[in-house]
file upload-v1.txt (compact mmCIF, C-alpha atoms)
# COMPACT_ATOMS: atom_id res chain seq x y z
CA MET A 14 6.36 31.32 -28.01
CA ASN A 15 3.26 30.92 -30.18
CA LEU A 16 5.39 31.42 -33.29
CA ILE A 17 7.83 28.72 -32.18
CA ASN A 18 5.01 26.30 -31.45
CA THR A 19 3.43 26.99 -34.84
CA LEU A 20 6.77 26.41 -36.60
CA HIS A 21 7.09 23.02 -34.90
CA THR A 22 3.49 21.90 -35.41
CA SER A 23 2.80 23.20 -38.94
CA PRO A 24 5.21 21.98 -41.65
CA ALA A 25 3.57 24.22 -44.26
CA PHE A 26 4.01 27.31 -42.09
CA PHE A 27 7.60 26.33 -41.33
CA VAL A 28 8.46 25.94 -45.02
CA SER A 29 6.79 29.28 -45.79
CA PHE A 30 8.70 30.96 -42.94
CA VAL A 31 12.07 29.68 -44.20
CA THR A 32 11.13 30.69 -47.75
CA VAL A 33 10.56 34.27 -46.60
CA ILE A 34 13.91 34.21 -44.79
CA GLY A 35 15.47 33.00 -48.04
CA LEU A 36 13.82 35.87 -49.89
CA VAL A 37 15.36 38.40 -47.51
CA LEU A 38 18.75 36.66 -47.66
CA GLY A 39 18.52 36.74 -51.44
CA SER A 40 18.42 40.53 -51.26
CA PHE A 41 21.59 40.46 -49.13
CA LEU A 42 23.24 38.01 -51.54
CA ASN A 43 22.67 40.56 -54.30
CA VAL A 44 24.78 42.98 -52.27
CA VAL A 45 27.51 40.35 -51.84
CA ILE A 46 27.46 39.45 -55.55
CA HIS A 47 27.72 43.09 -56.61
CA ARG A 48 30.13 44.45 -54.01
CA LEU A 49 32.55 41.66 -53.11
CA PRO A 50 34.38 41.67 -56.49
CA GLU A 51 34.76 45.46 -56.27
CA MET A 52 36.06 45.17 -52.71
CA LEU A 53 38.63 42.63 -53.91
CA ARG A 54 39.62 44.86 -56.83
CA ARG A 55 40.29 47.77 -54.48
CA GLU A 56 42.26 45.52 -52.15
CA TRP A 57 44.40 44.26 -55.04
CA GLN A 58 45.05 47.81 -56.24
CA ALA A 59 46.16 48.82 -52.75
CA GLN A 60 48.50 45.82 -52.55
CA CYS A 61 49.99 46.59 -55.98
CA ALA A 62 50.57 50.21 -54.98
CA GLU A 63 52.29 49.06 -51.79
CA LEU A 64 54.55 46.67 -53.71
CA HIS A 65 55.57 49.53 -56.02
CA GLY A 66 56.31 51.78 -53.07
CA GLU A 67 53.39 54.05 -53.91
CA SER A 68 50.84 55.39 -51.50
CA ALA A 69 47.41 53.94 -52.12
CA LYS A 70 44.67 56.37 -53.02
CA THR A 71 42.31 57.18 -50.19
CA LEU A 72 38.86 56.10 -51.31
CA PRO A 73 35.51 56.38 -49.57
CA ALA A 74 34.54 53.39 -47.46
CA TYR A 75 33.18 50.56 -49.59
CA ASN A 76 32.06 47.28 -48.06
CA LEU A 77 28.94 45.18 -47.64
CA ALA A 78 27.38 47.77 -45.32
CA VAL A 79 28.35 51.14 -46.82
CA PRO A 80 27.70 53.10 -48.94
CA ARG A 81 23.94 52.94 -49.20
CA SER A 82 22.75 51.13 -52.31
CA GLY A 83 21.97 53.33 -55.29
CA CYS A 84 21.44 53.34 -59.03
CA PRO A 85 24.79 53.01 -60.86
CA GLN A 86 23.51 55.24 -63.66
CA CYS A 87 22.10 58.29 -61.85
CA GLY A 88 23.16 57.70 -58.24
CA HIS A 89 19.57 57.67 -56.94
CA LYS A 90 19.63 56.21 -53.42
CA ILE A 91 17.33 53.23 -53.02
CA SER A 92 14.67 53.78 -50.36
CA ALA A 93 13.32 51.08 -48.07
CA ILE A 94 10.11 50.82 -50.09
CA GLU A 95 12.19 50.27 -53.24
CA ASN A 96 14.22 47.51 -51.60
CA ILE A 97 11.50 44.92 -50.93
CA PRO A 98 12.59 41.64 -52.56
CA ILE A 99 10.88 40.95 -55.92
CA LEU A 100 7.86 43.14 -55.11
CA SER A 101 9.80 46.39 -55.55
CA TYR A 102 11.13 45.18 -58.90
CA LEU A 103 7.59 44.45 -60.06
CA PHE A 104 6.22 47.72 -58.68
CA LEU A 105 8.98 49.73 -60.40
CA ARG A 106 8.46 47.68 -63.59
CA GLY A 107 12.15 46.85 -63.63
CA GLN A 108 13.23 50.50 -63.87
CA CYS A 109 15.06 52.97 -61.64
CA SER A 110 12.59 55.49 -60.23
CA GLY A 111 15.14 58.24 -60.78
CA CYS A 112 16.38 57.83 -64.34
CA HIS A 113 14.21 54.92 -65.58
CA SER A 114 17.24 52.86 -66.59
CA ARG A 115 16.70 49.10 -66.59
CA ILE A 116 17.29 47.19 -63.37
CA PRO A 117 19.12 43.93 -64.16
CA LEU A 118 16.83 40.90 -64.06
CA THR A 119 19.46 39.05 -62.03
CA TYR A 120 18.36 40.91 -58.87
CA PRO A 121 14.87 39.38 -58.59
CA LEU A 122 16.22 36.13 -60.05
CA VAL A 123 18.72 35.76 -57.18
CA GLU A 124 16.00 36.57 -54.65
CA ALA A 125 13.52 34.10 -56.15
CA LEU A 126 16.15 31.35 -56.47
CA THR A 127 17.32 31.83 -52.89
CA ALA A 128 13.75 31.75 -51.58
CA THR A 129 12.86 28.65 -53.61
CA LEU A 130 15.94 26.64 -52.62
CA SER A 131 15.60 27.71 -48.98
CA GLY A 132 11.99 26.53 -48.93
CA LEU A 133 12.97 23.28 -50.62
CA ALA A 134 15.66 22.73 -47.98
CA ALA A 135 13.14 23.37 -45.18
CA TRP A 136 10.78 20.80 -46.72
CA TYR A 137 13.54 18.27 -47.35
CA PHE A 138 15.60 18.51 -44.14
CA GLY A 139 12.89 19.54 -41.68
CA SER A 140 13.43 21.76 -38.64
CA GLY A 141 16.59 20.14 -37.28
CA GLY A 142 20.02 21.71 -37.01
CA ILE A 143 21.05 20.16 -40.33
CA LEU A 144 18.76 22.66 -42.08
CA PHE A 145 20.80 25.60 -40.81
CA VAL A 146 24.06 24.29 -42.25
CA ALA A 147 22.34 23.22 -45.47
CA LEU A 148 21.13 26.80 -45.93
CA ILE A 149 24.67 28.11 -45.48
CA PHE A 150 25.85 25.75 -48.24
CA ILE A 151 22.97 26.75 -50.53
CA TRP A 152 23.46 30.49 -50.05
CA ALA A 153 27.20 30.19 -50.67
CA MET A 154 26.56 28.25 -53.91
CA ILE A 155 24.19 30.96 -55.15
CA ALA A 156 26.62 33.77 -54.34
CA LEU A 157 29.53 31.98 -56.03
CA THR A 158 27.42 31.15 -59.09
CA PHE A 159 26.49 34.73 -59.86
CA ILE A 160 29.87 36.20 -58.94
CA ASP A 161 31.51 33.76 -61.35
CA LEU A 162 28.96 34.53 -64.08
CA ASN A 163 29.59 38.27 -63.69
CA THR A 164 33.36 38.34 -63.19
CA GLN A 165 34.74 34.81 -63.75
CA LEU A 166 36.03 34.92 -60.18
CA LEU A 167 35.44 32.49 -57.32
CA PRO A 168 36.66 34.51 -54.32
CA ASP A 169 38.84 32.79 -51.73
CA SER A 170 36.93 34.78 -49.11
CA ILE A 171 33.97 32.46 -49.77
CA THR A 172 35.48 29.17 -51.01
CA GLN A 173 38.09 28.76 -48.28
CA PRO A 174 35.81 29.39 -45.27
CA LEU A 175 33.24 27.16 -46.99
CA LEU A 176 35.75 24.31 -47.15
CA TRP A 177 36.64 24.61 -43.46
CA ALA A 178 32.97 24.93 -42.54
CA GLY A 179 32.24 21.67 -44.36
CA LEU A 180 34.93 19.85 -42.39
CA ILE A 181 33.65 21.29 -39.11
CA VAL A 182 30.05 20.32 -39.92
CA ASN A 183 31.10 16.76 -40.68
CA LEU A 184 33.06 16.47 -37.46
CA TYR A 185 29.58 15.98 -36.03
CA HIS A 186 28.37 13.74 -38.91
CA GLY A 187 26.40 16.51 -40.63
CA PHE A 188 26.20 15.15 -44.19
CA THR A 189 28.89 12.48 -44.03
CA ASP A 190 31.66 11.29 -41.71
CA ILE A 191 34.83 13.33 -41.23
CA HIS A 192 36.96 10.69 -42.97
CA SER A 193 34.89 10.97 -46.16
CA ALA A 194 34.86 14.76 -45.86
CA VAL A 195 38.65 15.06 -45.67
CA ILE A 196 39.14 12.68 -48.59
CA GLY A 197 36.42 14.60 -50.47
CA ALA A 198 38.25 17.90 -49.99
CA ILE A 199 41.56 16.41 -51.15
CA ALA A 200 40.03 14.51 -54.08
CA GLY A 201 37.94 17.50 -55.16
CA TYR A 202 40.97 19.76 -55.37
CA LEU A 203 43.32 17.25 -56.97
CA THR A 204 40.78 16.10 -59.58
CA LEU A 205 40.40 19.50 -61.24
CA TRP A 206 44.05 20.36 -60.54
CA SER A 207 45.05 17.27 -62.58
CA VAL A 208 42.63 18.16 -65.38
CA TYR A 209 44.01 21.71 -65.44
CA TRP A 210 47.62 20.61 -65.84
CA LEU A 211 46.85 17.84 -68.31
CA PHE A 212 44.92 20.30 -70.49
CA LYS A 213 47.70 22.87 -70.20
CA LEU A 214 50.40 20.35 -71.14
CA LEU A 215 48.40 19.19 -74.18
CA THR A 216 47.23 22.59 -75.45
CA GLY A 217 49.43 25.20 -73.78
CA LYS A 218 46.26 26.93 -72.55
CA GLU A 219 44.58 27.23 -69.17
CA GLY A 220 41.23 25.46 -69.20
CA MET A 221 39.98 26.65 -65.82
CA GLY A 222 40.93 28.76 -62.83
CA TYR A 223 42.24 27.77 -59.42
CA GLY A 224 38.95 28.89 -57.90
CA ASP A 225 37.27 25.87 -59.51
CA PHE A 226 39.67 23.53 -57.68
CA LYS A 227 38.82 25.19 -54.36
CA LEU A 228 35.10 25.11 -55.01
CA LEU A 229 35.08 21.38 -55.78
CA ALA A 230 37.26 20.81 -52.70
CA ALA A 231 34.68 22.68 -50.60
CA ILE A 232 31.84 20.62 -52.08
CA GLY A 233 33.80 17.45 -51.32
CA ALA A 234 34.35 18.63 -47.74
CA TRP A 235 30.60 19.13 -47.29
CA LEU A 236 29.22 16.08 -49.09
CA GLY A 237 32.06 13.54 -48.99
CA TRP A 238 34.09 11.89 -51.72
CA GLN A 239 31.28 9.48 -52.58
CA LEU A 240 29.22 12.22 -54.24
CA LEU A 241 32.07 13.88 -56.14
CA PRO A 242 31.67 11.73 -59.30
CA LEU A 243 28.01 12.75 -59.42
CA VAL A 244 28.88 16.44 -58.99
CA ILE A 245 31.52 16.29 -61.73
CA LEU A 246 29.22 14.35 -64.07
CA PHE A 247 26.29 16.75 -63.73
CA SER A 248 28.44 19.87 -63.97
CA SER A 249 30.33 18.60 -67.02
CA VAL A 250 27.21 17.49 -68.89
CA VAL A 251 25.33 20.73 -68.21
CA GLY A 252 28.40 22.81 -69.05
CA ALA A 253 28.89 20.98 -72.34
CA VAL A 254 25.22 21.32 -73.31
CA ILE A 255 25.06 25.04 -72.50
CA GLY A 256 28.41 25.75 -74.14
CA THR A 257 27.36 23.96 -77.33
CA ALA A 258 24.01 25.75 -77.34
CA LEU A 259 25.71 29.14 -77.02
CA ILE A 260 28.06 28.37 -79.90
CA VAL A 261 25.22 27.18 -82.14
CA THR A 262 22.51 29.70 -81.29
CA ALA A 263 24.35 32.83 -80.17
CA ASN A 264 27.29 32.86 -82.57
CA HIS A 265 29.82 32.58 -79.76
CA SER A 266 33.38 31.59 -80.62
CA LYS A 267 34.52 28.07 -79.90
CA ASN A 268 37.39 29.66 -77.96
CA MET A 269 35.09 31.69 -75.70
CA THR A 270 35.62 31.45 -71.96
CA LEU A 271 32.77 29.97 -69.95
CA PRO A 272 32.88 30.00 -66.14
CA PHE A 273 32.76 26.47 -64.75
CA GLY A 274 31.86 27.51 -61.19
CA PRO A 275 28.10 27.78 -61.80
CA TYR A 276 27.98 24.22 -63.12
CA LEU A 277 29.97 22.91 -60.16
CA ALA A 278 27.63 24.76 -57.81
CA GLY A 279 24.61 23.32 -59.61
CA GLY A 280 26.07 19.82 -59.37
CA GLY A 281 26.73 20.40 -55.68
CA LEU A 282 23.13 21.45 -55.05
CA ILE A 283 21.76 18.43 -56.92
CA ALA A 284 24.03 16.19 -54.85
CA LEU A 285 22.97 17.91 -51.61
CA PHE A 286 19.31 17.07 -52.18
CA TRP A 287 19.33 13.89 -54.25
CA GLY A 288 22.91 12.64 -54.43
CA ASN A 289 22.55 9.69 -52.09
CA GLN A 290 19.32 8.55 -53.77
CA ILE A 291 20.90 8.78 -57.24
CA ASN A 292 23.96 6.86 -56.10
CA GLN A 293 21.77 4.21 -54.46
CA ALA A 294 19.62 3.86 -57.58
CA TYR A 295 22.75 3.48 -59.72
CA LEU A 296 24.23 0.82 -57.44
CA THR A 297 20.91 -1.05 -57.37
CA MET A 298 20.82 -1.15 -61.18
CA PHE A 299 24.28 -2.65 -61.43
call {"tool": "encode", "arguments": {"input": "upload-v1.txt", "output": "structure tokens"}}
result
Amino acid sequence: MNLINTLHTSPAFFVSFVTVIGLVLGSFLNVVIHRLPEMLRREWQAQCAELHGESAKTLPAYNLAVPRSGCPQCGHKISAIENIPILSYLFLRGQCSGCHSRIPLTYPLVEALTATLSGLAAWYFGSGGILFVALIFIWAMIALTFIDLNTQLLPDSITQPLLWAGLIVNLYHGFTDIHSAVIGAIAGYLTLWSVYWLFKLLTGKEGMGYGDFKLLAAIGAWLGWQLLPLVILFSSVVGAVIGTALIVTANHSKNMTLPFGPYLAGGGLIALFWGNQINQAYLTMF
């Protein structure tokens, strides 16, 4: 009871509390980012084997809970003391305690980003129920960003439930009204779908994946159609700047494939926090 009272009476403590929750969730998101693509790969292999009339190979259980996390190089099982968000990475100096191979920097980065955005959401939205759903949106954007960066996949197992969740949230006027949410979902999907086919007709190449359509549809379902232009603008500008920088500074080919999902997710997060203010400032100017 004392904890609940303190959370309600001390905004600083409340923000710190949610930040710590975000830190812990960031550790779980690392598991999702690493394991979900492998789970999908195994599922696809089993489906292909079934279509060919072959018996799928029996593999050890592999999901978000098992097996226990370990070093991919030497198999060293990670102990509880080695699994403390950020602190364990610093204590181990970014190395496996078993074989001293480098631990990817993305692990503490995901944890720090999740903690920071969770704390920002607690400060911005306060302690109401809207904070809970905002955190779900934020955590999903982070997971999709890093999965897409690693594999160039935006799994349906995240984007589709996210879309439906956005519609359900806005049934109760969460971030917008249900009318705007439904139009946002439709417009989000059809916008990138149209760009995809126009690009393919003009060049004969695929400019993006279907996962991008579904992600923008989900963002539209959460935030409404009014913020979609802002999301598309921010994601396109950032994507163009980063793509150009990679070509100029890193000797990447002009034909290299860059995942668009992280930029859409970034645009969605900007719109979540500041979209209405940016739109209002724009309308006031003109």
call {"tool": "closest_residue", "arguments": {"input": "upload-v1.txt", "among": "A:Thr22, A:Ser68, A:Gln173, A:Thr119", "to": "A:Leu42", "atoms": "all atoms listed in the file"}}
result
A:Thr119
call {"tool": "closest_atom_pairs", "arguments": {"input": "upload-v1.txt", "of": "stretch 109-162 of chain A", "to": "stretch 285-299 of chain A", "cutoff": "10 Å", "atoms": "all atoms listed in the file", "output": "tab-separated table"}}
result
residue	atom	partner	partner_atom	distance
A:Leu133	CA	A:Phe286	CA	9.0
A:Ala134	CA	A:Phe286	CA	7.9
A:Tyr137	CA	A:Phe286	CA	7.6
A:Phe138	CA	A:Phe286	CA	9.0
A:Ala147	CA	A:Leu285	CA	8.1
A:Phe150	CA	A:Leu285	CA	9.0
A:Ile151	CA	A:Leu285	CA	8.9
call {"tool": "atom_distance", "arguments": {"input": "upload-v1.txt", "atom1": "atom CA of A:Thr189", "atom2": "atom CA of A:Ala234"}}
result
9.0 Å
call {"tool": "atom_distance", "arguments": {"input": "upload-v1.txt", "atom1": "atom CA of A:Lys90", "atom2": "atom CA of A:Met154"}}
result
28.8 Å
call {"tool": "closest_residue", "arguments": {"input": "upload-v1.txt", "among": "A:Phe159, A:Trp206, A:Tyr75, A:Tyr102", "to": "A:Gly279", "atoms": "only C-alpha atoms"}}
result
A:Phe159
call {"tool": "residues_around", "arguments": {"input": "upload-v1.txt", "residues": "A:Leu148", "least_positions_apart": "4", "cutoff": "10 Å", "atoms": "all atoms listed in the file", "output": "list in words"}}
result
Val31, Gly35, Thr127, Leu130, Ser131, Gly132, Ala134, Ala135, Ile143, Leu144, Trp152, Ala153 and Met154 of chain A
call {"tool": "write_last_selection", "arguments": {"input": "upload-v1.txt", "atoms": "C-alpha atoms", "output": "PDB file, keeping the file's coordinate frame"}}
result
ATOM      1  CA  VAL A  31      12.070  29.680 -44.200  1.00  0.00           C
ATOM      2  CA  GLY A  35      15.470  33.000 -48.040  1.00  0.00           C
ATOM      3  CA  THR A 127      17.320  31.830 -52.890  1.00  0.00           C
ATOM      4  CA  LEU A 130      15.940  26.640 -52.620  1.00  0.00           C
ATOM      5  CA  SER A 131      15.600  27.710 -48.980  1.00  0.00           C
ATOM      6  CA  GLY A 132      11.990  26.530 -48.930  1.00  0.00           C
ATOM      7  CA  ALA A 134      15.660  22.730 -47.980  1.00  0.00           C
ATOM      8  CA  ALA A 135      13.140  23.370 -45.180  1.00  0.00           C
ATOM      9  CA  ILE A 143      21.050  20.160 -40.330  1.00  0.00           C
ATOM     10  CA  LEU A 144      18.760  22.660 -42.080  1.00  0.00           C
ATOM     11  CA  TRP A 152      23.460  30.490 -50.050  1.00  0.00           C
ATOM     12  CA  ALA A 153      27.200  30.190 -50.670  1.00  0.00           C
ATOM     13  CA  MET A 154      26.560  28.250 -53.910  1.00  0.00           C
TER      14      MET A 154
END
call {"tool": "atom_distance", "arguments": {"input": "upload-v1.txt", "atom1": "atom CA of A:Leu180", "atom2": "atom CA of A:Phe247"}}
result
23.2 Å
call {"tool": "closest_residue", "arguments": {"input": "upload-v1.txt", "among": "A:Ser207, A:Thr71, A:Ser82, A:Asn43", "to": "A:Phe226", "atoms": "only C-alpha atoms"}}
result
A:Ser207
call {"tool": "closest_residue", "arguments": {"input": "upload-v1.txt", "among": "A:Leu38, A:Tyr209, A:Ala194, A:Ala59", "to": "A:Ile149", "atoms": "only C-alpha atoms"}}
result
A:Leu38
call {"tool": "residues_around", "arguments": {"input": "upload-v1.txt", "residues": "A:Pro85", "least_positions_apart": "6", "cutoff": "10 Å", "atoms": "all atoms listed in the file", "output": "VMD selection string"}}
result
chain A and resid 109 114 116
call {"tool": "closest_residue", "arguments": {"input": "upload-v1.txt", "among": "A:Asn163, A:Thr158, A:Ser170, A:Gln239", "to": "A:Asp190", "atoms": "only C-alpha atoms"}}
result
A:Gln239
call {"tool": "closest_residue", "arguments": {"input": "upload-v1.txt", "among": "A:Val33, A:Cys84, A:Leu240, A:Leu229", "to": "A:Thr129", "atoms": "all atoms listed in the file"}}
result
A:Val33
call {"tool": "residues_near_point", "arguments": {"input": "upload-v1.txt", "point": "(36.0, 15.6, -49.2)", "cutoff": "10 Å", "atoms": "only C-alpha atoms", "output": "PyMOL selection string"}}
result
chain A and resi 176+179-180+183+189-202+229-241
call {"tool": "write_last_selection", "arguments": {"input": "upload-v1.txt", "atoms": "C-alpha atoms", "output": "compact mmCIF listing (two decimals), in the frame of the given file"}}
result
# COMPACT_ATOMS: atom_id res chain seq x y z
CA LEU A 176 35.75 24.31 -47.15
CA GLY A 179 32.24 21.67 -44.36
CA LEU A 180 34.93 19.85 -42.39
CA ASN A 183 31.10 16.76 -40.68
CA THR A 189 28.89 12.48 -44.03
CA ASP A 190 31.66 11.29 -41.71
CA ILE A 191 34.83 13.33 -41.23
CA HIS A 192 36.96 10.69 -42.97
CA SER A 193 34.89 10.97 -46.16
CA ALA A 194 34.86 14.76 -45.86
CA VAL A 195 38.65 15.06 -45.67
CA ILE A 196 39.14 12.68 -48.59
CA GLY A 197 36.42 14.60 -50.47
CA ALA A 198 38.25 17.90 -49.99
CA ILE A 199 41.56 16.41 -51.15
CA ALA A 200 40.03 14.51 -54.08
CA GLY A 201 37.94 17.50 -55.16
CA TYR A 202 40.97 19.76 -55.37
CA LEU A 229 35.08 21.38 -55.78
CA ALA A 230 37.26 20.81 -52.70
CA ALA A 231 34.68 22.68 -50.60
CA ILE A 232 31.84 20.62 -52.08
CA GLY A 233 33.80 17.45 -51.32
CA ALA A 234 34.35 18.63 -47.74
CA TRP A 235 30.60 19.13 -47.29
CA LEU A 236 29.22 16.08 -49.09
CA GLY A 237 32.06 13.54 -48.99
CA TRP A 238 34.09 11.89 -51.72
CA GLN A 239 31.28 9.48 -52.58
CA LEU A 240 29.22 12.22 -54.24
CA LEU A 241 32.07 13.88 -56.14
call {"tool": "axis_aligned_box", "arguments": {"input": "upload-v1.txt", "around": "stretch 287-299 of chain A", "padding_each_side": "4 Å", "output": "AutoDock Vina command-line options"}}
result
--center_x 21.8 --center_y 5.6 --center_z -56.8 --size_x 13.0 --size_y 24.5 --size_z 17.3
